[in-house]
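*Asks:* data_16.cif is reproduced in full below (mmCIF, C-alpha atoms (C1' of nucleotides)).
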data_input
#
loop_
_atom_site.label_atom_id
_atom_site.label_comp_id
_atom_site.auth_asym_id
_atom_site.auth_seq_id
_atom_site.Cartn_x
_atom_site.Cartn_y
_atom_site.Cartn_z
CA MET R 1443 17.47 29.56 8.12
CA VAL R 1444 14.19 29.01 6.30
CA THR R 1445 10.72 27.74 7.13
CA ILE R 1446 9.50 24.25 6.42
CA GLY R 1447 7.55 25.53 3.43
CA GLU R 1448 10.66 27.01 1.86
CA ALA R 1449 12.65 23.88 2.73
CA ALA R 1450 9.97 21.83 0.99
CA ARG R 1451 10.20 24.03 -2.09
CA ARG R 1452 14.00 23.87 -2.19
CA SER R 1453 14.33 20.16 -1.49
CA GLY R 1454 11.41 18.89 -3.48
CA VAL R 1455 10.07 17.07 -0.43
CA GLY R 1456 6.53 17.91 0.66
CA ILE R 1457 5.89 19.54 4.02
CA GLU R 1458 3.97 16.61 5.45
CA LEU R 1459 6.65 14.27 4.20
CA ILE R 1460 9.42 16.30 5.82
CA ARG R 1461 7.62 16.10 9.14
CA TYR R 1462 7.10 12.40 8.60
CA TYR R 1463 10.81 11.90 7.91
CA GLU R 1464 11.63 13.77 11.10
CA ARG R 1465 9.05 11.83 13.13
CA THR R 1466 10.38 8.51 11.92
CA GLY R 1467 14.02 9.46 12.39
CA VAL R 1468 15.06 9.48 8.73
CA VAL R 1469 16.39 12.99 9.24
CA ALA R 1470 17.11 14.85 12.47
CA GLY R 1471 14.75 17.58 13.64
CA PRO R 1472 16.01 21.10 12.88
CA GLU R 1473 16.26 23.99 15.27
CA ARG R 1474 13.07 25.73 16.29
CA SER R 1475 12.15 29.39 16.40
CA PRO R 1476 10.98 30.80 19.76
CA ALA R 1477 7.45 30.16 18.53
CA GLY R 1478 8.27 26.50 17.90
CA ARG R 1479 8.59 26.62 14.14
CA ARG R 1480 11.14 24.49 12.33
CA GLN R 1481 14.08 26.36 10.86
CA TYR R 1482 16.23 24.72 8.23
CA ASN R 1483 19.80 25.50 7.29
CA ALA R 1484 21.48 24.65 3.98
CA ASP R 1485 22.82 21.30 5.22
CA GLU R 1486 19.42 20.13 6.35
CA ILE R 1487 17.87 21.04 3.03
CA HIS R 1488 20.74 19.19 1.40
CA ALA R 1489 19.96 16.11 3.46
CA LEU R 1490 16.31 16.29 2.43
CA ARG R 1491 17.29 16.56 -1.22
CA PHE R 1492 19.66 13.63 -0.76
CA ILE R 1493 16.82 11.54 0.62
CA ARG R 1494 14.57 12.57 -2.22
CA ARG R 1495 17.19 11.61 -4.80
CA CYS R 1496 17.61 8.23 -3.16
CA ARG R 1497 13.86 7.71 -3.14
CA ASP R 1498 13.67 8.78 -6.80
CA LEU R 1499 16.20 6.05 -7.53
CA GLY R 1500 14.00 3.57 -5.71
CA PHE R 1501 16.02 3.13 -2.53
CA SER R 1502 13.97 2.35 0.54
CA LEU R 1503 13.89 4.92 3.30
CA ALA R 1504 16.13 2.66 5.38
CA GLU R 1505 18.65 2.50 2.55
CA ALA R 1506 18.41 6.22 1.97
CA LYS R 1507 19.03 6.89 5.64
CA SER R 1508 21.99 4.55 5.67
CA LEU R 1509 23.45 6.19 2.56
CA LEU R 1510 22.93 9.60 4.12
CA GLY R 1511 24.81 8.39 7.17
CA LEU R 1512 27.67 7.21 4.98
CA ALA R 1513 27.69 10.44 3.02
CA SER R 1514 27.64 12.53 6.17
CA SER R 1515 30.53 10.75 7.81
CA THR R 1516 33.95 12.26 7.24
CA GLY R 1517 35.65 10.46 4.39
CA LEU R 1518 32.88 9.06 2.29
CA ALA R 1519 32.63 5.33 2.90
CA CYS R 1520 32.83 4.08 -0.63
CA GLY R 1521 32.79 0.35 -0.08
CA GLU R 1522 29.54 0.25 1.85
CA ALA R 1523 27.82 2.64 -0.52
CA GLN R 1524 28.90 0.52 -3.46
CA SER R 1525 27.50 -2.54 -1.77
CA VAL R 1526 24.14 -0.87 -1.13
CA GLY R 1527 24.12 0.48 -4.66
CA GLN R 1528 25.02 -2.83 -6.30
CA HIS R 1529 22.37 -4.63 -4.31
CA HIS R 1530 19.86 -2.04 -5.36
CA LEU R 1531 20.89 -2.18 -9.00
CA LYS R 1532 20.33 -5.93 -9.00
CA GLY R 1533 16.87 -5.35 -7.53
CA ILE R 1534 16.04 -2.88 -10.27
CA GLN R 1535 17.22 -5.27 -12.97
CA LYS R 1536 15.18 -8.09 -11.50
CA LYS R 1537 12.09 -5.90 -11.51
CA ILE R 1538 12.65 -4.88 -15.12
CA CYS R 1539 13.00 -8.51 -16.08
CA ASP R 1540 9.81 -9.46 -14.22
CA LEU R 1541 7.89 -6.61 -15.78
CA GLN R 1542 9.06 -7.52 -19.26
CA GLN R 1543 7.72 -11.02 -18.68
CA MET R 1544 4.51 -9.47 -17.45
CA GLU R 1545 4.33 -7.32 -20.56
CA ALA R 1546 4.87 -10.32 -22.81
CA ALA R 1547 2.18 -12.23 -20.92
CA MET R 1548 -0.25 -9.33 -21.25
CA VAL R 1549 0.42 -8.92 -24.97
CA GLN R 1550 -0.01 -12.65 -25.44
CA LEU R 1551 -3.14 -12.52 -23.34
CA MET R 1552 -4.79 -9.82 -25.40
CA ARG R 1553 -3.47 -10.69 -28.83
CA PRO R 1554 -6.12 -12.94 -30.34
CA CYS R 1555 -9.05 -11.03 -28.95
CA HIS R 1556 -11.25 -9.32 -31.46
CA SER R 1557 -12.76 -6.60 -29.37
CA GLY R 1558 -16.50 -6.53 -29.31
CA GLN R 1559 -17.06 -10.24 -29.58
CA GLN R 1560 -18.72 -12.16 -26.83
CA ASP R 1561 -16.03 -14.65 -25.89
CA CYS R 1562 -12.93 -12.80 -24.81
CA SER R 1563 -9.78 -14.84 -25.09
CA MET R 1564 -8.15 -12.69 -22.45
CA LEU R 1565 -10.61 -13.63 -19.75
CA GLU R 1566 -10.66 -17.24 -20.92
CA THR R 1567 -6.90 -17.39 -20.67
CA LEU R 1568 -6.90 -15.95 -17.19
CA LEU R 1569 -9.59 -18.41 -16.14
CA GLN R 1570 -7.76 -21.37 -17.57
CA GLY R 1571 -4.62 -20.87 -15.49
CA SER R 1572 -3.10 -24.26 -14.82
CA GLU R 1573 -2.14 -25.38 -11.37
CA SER R 1574 1.21 -26.60 -12.51
CA ASP R 1575 2.81 -23.18 -12.78
CA TRP R 1576 2.94 -22.73 -9.05
CA PRO R 1577 5.22 -21.92 -7.44
CA PRO R 1578 6.61 -20.02 -10.41
CA GLN R 1579 10.24 -20.72 -11.12
CA ASP R 1580 12.56 -17.77 -11.25
CA ARG R 1581 13.04 -17.06 -14.92
CA CYS R 1582 15.37 -14.14 -14.39
CA LEU R 1583 18.56 -16.07 -13.72
CA ASN R 1584 20.59 -14.03 -16.16
CA ILE R 1585 21.14 -11.25 -13.65
CA MET U 65 -14.85 -29.45 -0.92
CA VAL U 66 -11.46 -28.84 0.61
CA THR U 67 -10.08 -26.95 3.59
CA ILE U 68 -8.53 -23.54 3.42
CA GLY U 69 -5.06 -25.08 3.70
CA GLU U 70 -5.66 -27.24 0.66
CA ALA U 71 -7.23 -24.32 -1.20
CA ALA U 72 -4.13 -22.29 -0.43
CA ARG U 73 -1.92 -25.05 -1.78
CA ARG U 74 -3.98 -25.45 -4.94
CA SER U 75 -4.42 -21.76 -5.67
CA GLY U 76 -1.00 -20.50 -4.64
CA VAL U 77 -2.61 -17.94 -2.34
CA GLY U 78 -1.57 -18.06 1.31
CA ILE U 79 -4.11 -18.90 4.01
CA GLU U 80 -3.96 -15.50 5.68
CA LEU U 81 -4.26 -13.87 2.28
CA ILE U 82 -7.32 -15.92 1.38
CA ARG U 83 -9.01 -14.81 4.59
CA TYR U 84 -7.93 -11.25 3.86
CA TYR U 85 -9.46 -11.42 0.36
CA GLU U 86 -12.68 -12.72 1.85
CA ARG U 87 -12.72 -10.09 4.58
CA THR U 88 -12.20 -7.27 2.08
CA GLY U 89 -14.73 -8.61 -0.37
CA VAL U 90 -12.32 -9.50 -3.18
CA VAL U 91 -13.79 -12.98 -3.21
CA ALA U 92 -16.99 -14.26 -1.64
CA GLY U 93 -16.85 -16.35 1.50
CA PRO U 94 -17.27 -20.09 0.86
CA GLU U 95 -19.60 -22.48 2.61
CA ARG U 96 -18.77 -23.52 6.14
CA SER U 97 -18.69 -26.91 7.78
CA PRO U 98 -20.93 -27.45 10.83
CA ALA U 99 -17.91 -26.53 12.93
CA GLY U 100 -17.49 -23.25 11.09
CA ARG U 101 -14.58 -24.16 8.84
CA ARG U 102 -14.34 -22.82 5.33
CA GLN U 103 -14.94 -25.33 2.56
CA TYR U 104 -13.86 -24.56 -0.97
CA ASN U 105 -15.19 -26.00 -4.20
CA ALA U 106 -13.37 -26.04 -7.52
CA ASP U 107 -14.85 -22.75 -8.69
CA GLU U 108 -13.75 -20.93 -5.58
CA ILE U 109 -10.23 -22.24 -5.92
CA HIS U 110 -10.38 -21.16 -9.54
CA ALA U 111 -11.34 -17.66 -8.47
CA LEU U 112 -8.43 -17.53 -6.04
CA ARG U 113 -6.05 -18.65 -8.73
CA PHE U 114 -7.51 -16.05 -11.07
CA ILE U 115 -6.86 -13.35 -8.50
CA ARG U 116 -3.32 -14.59 -7.99
CA ARG U 117 -2.64 -14.53 -11.71
CA CYS U 118 -3.96 -11.02 -11.94
CA ARG U 119 -1.77 -9.96 -9.02
CA ASP U 120 1.23 -11.68 -10.60
CA LEU U 121 0.60 -9.58 -13.66
CA GLY U 122 0.58 -6.49 -11.50
CA PHE U 123 -3.15 -5.75 -11.46
CA SER U 124 -4.41 -4.06 -8.31
CA LEU U 125 -6.87 -6.00 -6.19
CA ALA U 126 -9.63 -3.70 -7.41
CA GLU U 127 -8.73 -4.45 -11.03
CA ALA U 128 -8.43 -8.15 -10.29
CA LYS U 129 -11.84 -8.16 -8.65
CA SER U 130 -13.32 -6.30 -11.56
CA LEU U 131 -11.78 -8.74 -14.05
CA LEU U 132 -13.06 -11.63 -11.98
CA GLY U 133 -16.50 -10.09 -12.11
CA LEU U 134 -16.29 -9.80 -15.89
CA ALA U 135 -14.94 -13.31 -16.26
CA SER U 136 -17.63 -14.78 -14.05
CA SER U 137 -20.53 -13.13 -15.82
CA THR U 138 -22.21 -15.16 -18.51
CA GLY U 139 -20.92 -14.19 -21.93
CA LEU U 140 -17.49 -12.84 -21.26
CA ALA U 141 -17.57 -9.07 -21.50
CA CYS U 142 -14.70 -8.63 -23.87
CA GLY U 143 -14.82 -4.90 -24.40
CA GLU U 144 -14.47 -4.03 -20.76
CA ALA U 145 -11.79 -6.61 -20.14
CA GLN U 146 -9.84 -5.30 -23.13
CA SER U 147 -10.08 -1.81 -21.75
CA VAL U 148 -8.84 -2.86 -18.33
CA GLY U 149 -6.11 -4.92 -19.96
CA GLN U 150 -4.96 -2.14 -22.27
CA HIS U 151 -4.86 0.28 -19.41
CA HIS U 152 -2.81 -2.16 -17.43
CA LEU U 153 -0.44 -2.90 -20.29
CA LYS U 154 0.31 0.80 -20.52
CA GLY U 155 0.99 0.83 -16.81
CA ILE U 156 3.45 -2.04 -17.15
CA GLN U 157 5.24 -0.31 -20.00
CA LYS U 158 5.46 2.88 -18.00
CA LYS U 159 6.93 0.99 -15.06
CA ILE U 160 9.51 -0.68 -17.29
CA CYS U 161 10.45 2.68 -18.73
CA ASP U 162 10.79 4.23 -15.29
CA LEU U 163 12.88 1.35 -14.02
CA GLN U 164 15.14 1.48 -17.05
CA GLN U 165 15.78 5.14 -16.34
CA MET U 166 16.48 4.24 -12.74
CA GLU U 167 18.87 1.55 -13.87
CA ALA U 168 20.68 3.93 -16.19
CA ALA U 169 20.93 6.48 -13.39
CA MET U 170 22.26 3.87 -10.98
CA VAL U 171 24.84 2.63 -13.47
CA GLN U 172 25.88 6.20 -14.15
CA LEU U 173 25.98 6.86 -10.40
CA MET U 174 28.30 3.96 -9.66
CA ARG U 175 30.37 3.93 -12.84
CA PRO U 176 33.42 6.03 -11.99
CA CYS U 177 33.76 4.76 -8.46
CA HIS U 178 36.90 2.78 -7.74
CA SER U 179 35.79 0.73 -4.77
CA GLY U 180 37.91 1.03 -1.70
CA GLN U 181 38.94 4.64 -2.13
CA GLN U 182 37.92 7.24 0.37
CA ASP U 183 35.96 9.65 -1.77
CA CYS U 184 33.05 7.85 -3.31
CA SER U 185 31.72 9.44 -6.45
CA MET U 186 28.37 7.78 -5.87
CA LEU U 187 27.75 9.56 -2.59
CA GLU U 188 29.21 12.76 -3.97
CA THR U 189 26.87 12.61 -6.90
CA LEU U 190 23.90 12.08 -4.62
CA LEU U 191 25.06 14.95 -2.44
CA GLN U 192 25.60 17.35 -5.31
CA GLY U 193 22.04 17.22 -6.60
CA SER U 194 21.14 20.57 -8.09
CA GLU U 195 17.91 22.27 -7.19
CA SER U 196 17.01 22.87 -10.79
CA ASP U 197 15.90 19.32 -11.52
CA TRP U 198 12.76 19.69 -9.52
CA PRO U 199 10.05 19.00 -10.31
CA PRO U 200 11.33 16.30 -12.67
CA GLN U 201 9.70 16.24 -16.07
CA ASP U 202 8.11 13.03 -17.23
CA ARG U 203 10.58 11.43 -19.58
CA CYS U 204 8.38 8.48 -20.51
CA LEU U 205 6.21 10.18 -23.10
CA ASN U 206 6.81 7.57 -25.75
CA ILE U 207 4.15 5.27 -24.36
"C1'" DT O 363 -6.30 48.22 15.67
"C1'" DC O 364 -8.62 44.69 13.71
"C1'" DT O 365 -9.38 41.40 10.36
"C1'" DT O 366 -8.16 38.47 6.66
"C1'" DG O 367 -5.68 34.81 4.91
"C1'" DC O 368 -1.72 32.27 4.73
"C1'" DT O 369 1.55 29.26 6.93
"C1'" DC O 370 2.73 26.50 10.53
"C1'" DC O 371 1.96 23.27 14.63
"C1'" DT O 372 0.49 18.52 16.77
"C1'" DG O 373 -2.01 14.45 16.67
"C1'" DT O 374 -4.46 11.10 14.49
"C1'" DA O 375 -6.63 8.26 10.83
"C1'" DG O 376 -6.61 6.30 6.38
"C1'" DG O 377 -4.83 4.01 2.15
"C1'" DG O 378 -3.06 -0.52 -0.28
"C1'" DG O 379 -1.71 -5.15 0.23
"C1'" DC O 380 -0.33 -7.88 2.89
"C1'" DT O 381 1.91 -10.51 7.29
"C1'" DA O 382 2.08 -11.94 11.94
"C1'" DT O 383 0.53 -12.38 16.55
"C1'" DA O 384 -2.50 -14.14 20.44
"C1'" DG O 385 -5.63 -17.09 22.23
"C1'" DC O 386 -8.97 -20.08 21.21
"C1'" DT O 387 -11.44 -24.58 18.98
"C1'" DT O 388 -11.53 -28.65 16.00
"C1'" DG O 389 -9.89 -32.85 13.74
"C1'" DC O 390 -7.22 -36.78 13.34
"C1'" DA O 391 -3.69 -40.28 14.13
"C1'" DA O 392 -0.85 -42.94 17.37
"C1'" DT T 890 -6.46 -40.44 25.50
"C1'" DT T 891 -3.27 -37.65 24.39
"C1'" DG T 892 -0.87 -34.65 21.51
"C1'" DC T 893 -0.26 -31.93 17.73
"C1'" DA T 894 -1.55 -29.84 13.39
"C1'" DA T 895 -4.71 -26.99 11.38
"C1'" DG T 896 -8.41 -24.14 11.66
"C1'" DC T 897 -10.98 -19.93 13.76
"C1'" DT T 898 -11.43 -14.60 15.02
"C1'" DA T 899 -9.62 -10.28 16.17
"C1'" DT T 900 -6.14 -7.21 16.19
"C1'" DA T 901 -1.78 -4.97 15.29
"C1'" DG T 902 2.10 -4.21 12.50
"C1'" DC T 903 4.67 -3.32 8.10
"C1'" DC T 904 6.06 0.56 4.38
"C1'" DC T 905 5.51 5.07 2.73
"C1'" DC T 906 3.09 8.25 2.61
"C1'" DT T 907 -1.41 11.55 2.54
"C1'" DA T 908 -4.98 14.00 4.58
"C1'" DC T 909 -7.59 15.93 8.02
"C1'" DA T 910 -8.97 18.43 12.46
"C1'" DG T 911 -8.28 21.99 15.38
"C1'" DG T 912 -5.41 25.04 16.86
"C1'" DA T 913 -1.42 29.09 16.89
"C1'" DG T 914 1.61 32.54 14.58
"C1'" DC T 915 2.47 36.16 11.38
"C1'" DA T 916 2.37 39.77 7.73
"C1'" DA T 917 -0.37 42.99 5.13
"C1'" DG T 918 -4.39 45.72 4.12
"C1'" DA T 919 -8.78 48.36 5.67
#
Take the structure from the file and write it as C-alpha cells.

*Replies:*
Amino acid sequence: MVTIGEAARRSGVGIELIRYYERTGVVAGPERSPAGRRQYNADEIHALRFIRRCRDLGFSLAEAKSLLGLASSTGLACGEAQSVGQHHLKGIQKKICDLQQMEAAMVQLMRPCHSGQQDCSMLETLLQGSESDWPPQDRCLNI
Amino acid sequence: MVTIGEAARRSGVGIELIRYYERTGVVAGPERSPAGRRQYNADEIHALRFIRRCRDLGFSLAEAKSLLGLASSTGLACGEAQSVGQHHLKGIQKKICDLQQMEAAMVQLMRPCHSGQQDCSMLETLLQGSESDWPPQDRCLNI
DNA sequence: TCTTGCTCCTGTAGGGGCTATAGCTTGCAA
DNA sequence: TTGCAAGCTATAGCCCCTACAGGAGCAAGA
C-alpha cells in the first residue's frame, strides 16, 4: 500500500493525472487511509501502468478503459481486444499516410524558395490555393 | 460580397468554425449588412482558405495566423515564413517517426495472437509492462 | 514542543480547437 | 402570407490533461 506520489512514480502517471483518471472513472478509486489519503496496491499500480501503455500507443482513454476491462476479466477476451487493436492500427497507418503527404507538401512548398529574397514561394503557394481541391479526396486508400 | 454560408462553401471552413476564428481573432471580422449579417469579399474567403490549408498541413492556429500575417504584409517576408515552415516540417517528421514506432509496437503487440483463443497475448503484453521503461527515452533523434 | 517543508486533499479554471445547442431574427420563394 | 432556410449571439460541451488556490497531514530537525 503506497501513497499517490509513489504510485505516480511506479506507474509513470502523474499525480494530477491519476486523480483525473479516478474522477472520470477510467480507474476505480483506491482505498483511503484514516486521514483520507489514497492508498494503492500492486494491482492498482498495474492498472495505471496499463492505461499509460495504452495511451503511449495512442489509444483513447475510452479504448484504454475498455481494454483494461477486457484484461481484468477472467480469461482474457482476445477477440474484442484484437478488434480494438486492429481498428487502432488502421488509424495509426492512416495518420502516417496523411502526415507523409503533409511532409511532401511542405517540402514541395519550401523547395524553390531562396531564403532572404522578398517574394517567398512558400507564402505565394499557400495564398494561391485553388478552390477545386475541396473537399479533399481520401488519398490513403491503400490501407 | 457573399454570406457566411457561401464563404464556408468556398473556403472549406465550416460556418461555426468561421465564427470561432473571428471570435478568437484568427481572422478579422468582415463587414456587416444593415441587418447585421456577415459579408465576405474575395480576400476574406482567401484568408479563410489559407487558414484551412495551414490547418490541413498541421499548423497550429497561432502558426497559421502568423503565416497569414506574413503573407498579407507587402513584400512577402520569406525568412520568417521559412523559419516557421522549417520548424513545422521538423514537427511533421517527428510525428511520423513517433507514429511509425507506435505502428511497430502495435504490430508487435498483436502479432502472436491467434484470434479466438482465451489468453490474448496482446492484453498480456500490455499487462506485463515492466517498470524500467519509464521514463521512455526519445528514440527519434535522427531528425 | 514547535517549526519547517514536503506531500497530500478538494475544487475549480484554463488550454487548444473545435462542435453543438437554444432561442432569436432575417430573407426569400411559393 | 406563410413557411422554412439561413443567419445571429451566447453558452456549454468535447477530449485530455495541467495548474492553481487554499487547506490538512506528517516526518524530521532545532

*Asks:* For the interface of chain R with chain T (cut-off 10 Å, counting all atoms listed in the file), please tabulate each contacting residue of chain R alongside its nearest pair of atoms and their separation in Å to one decimal, rows sorted by chain and increasing number, as a tab-separated table.

*Replies:*
residue	atom	partner	partner_atom	distance
R:Glu1458	CA	T:DT907	C1'	7.9
R:Leu1459	CA	T:DC906	C1'	7.2
R:Tyr1462	CA	T:DC906	C1'	8.3
R:Ala1477	CA	T:DG914	C1'	7.4
R:Gly1478	CA	T:DG914	C1'	9.6
R:Arg1479	CA	T:DG914	C1'	9.2
R:Ser1502	CA	T:DC904	C1'	9.0
R:Leu1503	CA	T:DC905	C1'	8.4

*Asks:* May I ask you to extract the residues of chain R within 12 Å of chain O, using only C-alpha atoms (C1' of nucleotides), and to give them as an NGL selection string?

*Replies:* :R and (1445-1448 or 1457-1458 or 1461 or 1465 or 1474-1475 or 1477-1481)

*Asks:* Tell me which of R:Ala1470, R:Ile1493, R:Val1549, R:Ala1449 sits closest to Gln157 in chain U, counting all atoms listed in the file.

*Replies:*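 Answer, going by the shortest atom-to-atom distance: R:Val1549.
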
*Asks:* Could you work out how far CA of Gly89 in chain U lies from CA of Ala126 in chain U, giving the answer in Å with one decimal?

*Replies:*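 Going from CA of Ala126 in chain U over to CA of Gly89 in chain U covers 10.0 Å.
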
*Asks:* Just how far from CA of Leu132 in chain U is CA of Glu95 in chain U, in Å to one decimal?

*Replies:*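 Separation of CA of Glu95 in chain U and CA of Leu132 in chain U: 19.3 Å.
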
*Asks:* Provide the CA of Gln164 in chain U to CA of Phe114 in chain U distance in Å, to one decimal place.

*Replies:*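 Atom-to-atom, CA of Gln164 in chain U and CA of Phe114 in chain U are spaced 29.3 Å apart.
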
*Asks:* Within 9 Å of (-11.1, 1.2, -12.1) (coordinates as in the file), grab all the protein and nucleic acid residues, counting all atoms listed in the file, and write them out as a ChimeraX atom specification.

*Replies:* /U:126-127,130,148

*Asks:* Between R:Ile1534, R:Asn1483, R:Met1552, R:Val1469, which residue has the minimum interatomic distance to Cys142 in chain U, considering only C-alpha atoms?

*Replies:*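 Closest to Cys142 in chain U, using only C-alpha atoms: R:Met1552.
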
*Asks:* Step by step, gather every atom of range 1536-1552 of chain R that the file lists, find the box along x, y and z that holds them, add 4 Å on each side, and finally give centre and edge lengths in Å to one decimal, as lines of an AutoDock Vina configuration file.

*Replies:*
center_x = 5.2
center_y = -8.8
center_z = -18.5
size_x = 28.0
size_y = 15.8
size_z = 21.9

*Asks:* Name the closest residue to chain U among the candidates R:Leu1499, R:Leu1551, R:Cys1539, R:Ala1506; distances are taken between atoms, counting only C-alpha atoms.

*Replies:*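 That would be R:Leu1499, the residue with the smallest distance to chain U.
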
*Asks:* Under the rule that all atoms listed in the file are counted, which of R:Gly1454, R:Val1444, R:Ile1460, R:His1529 is the nearest residue to chain U?

*Replies:* R:Gly1454

*Asks:* Closest to chain U among R:Ala1513, R:Gln1550, R:Leu1490, R:Ser1525, using only C-alpha atoms?

*Replies:*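 The shortest atom-to-atom distance to chain U comes from R:Ala1513.
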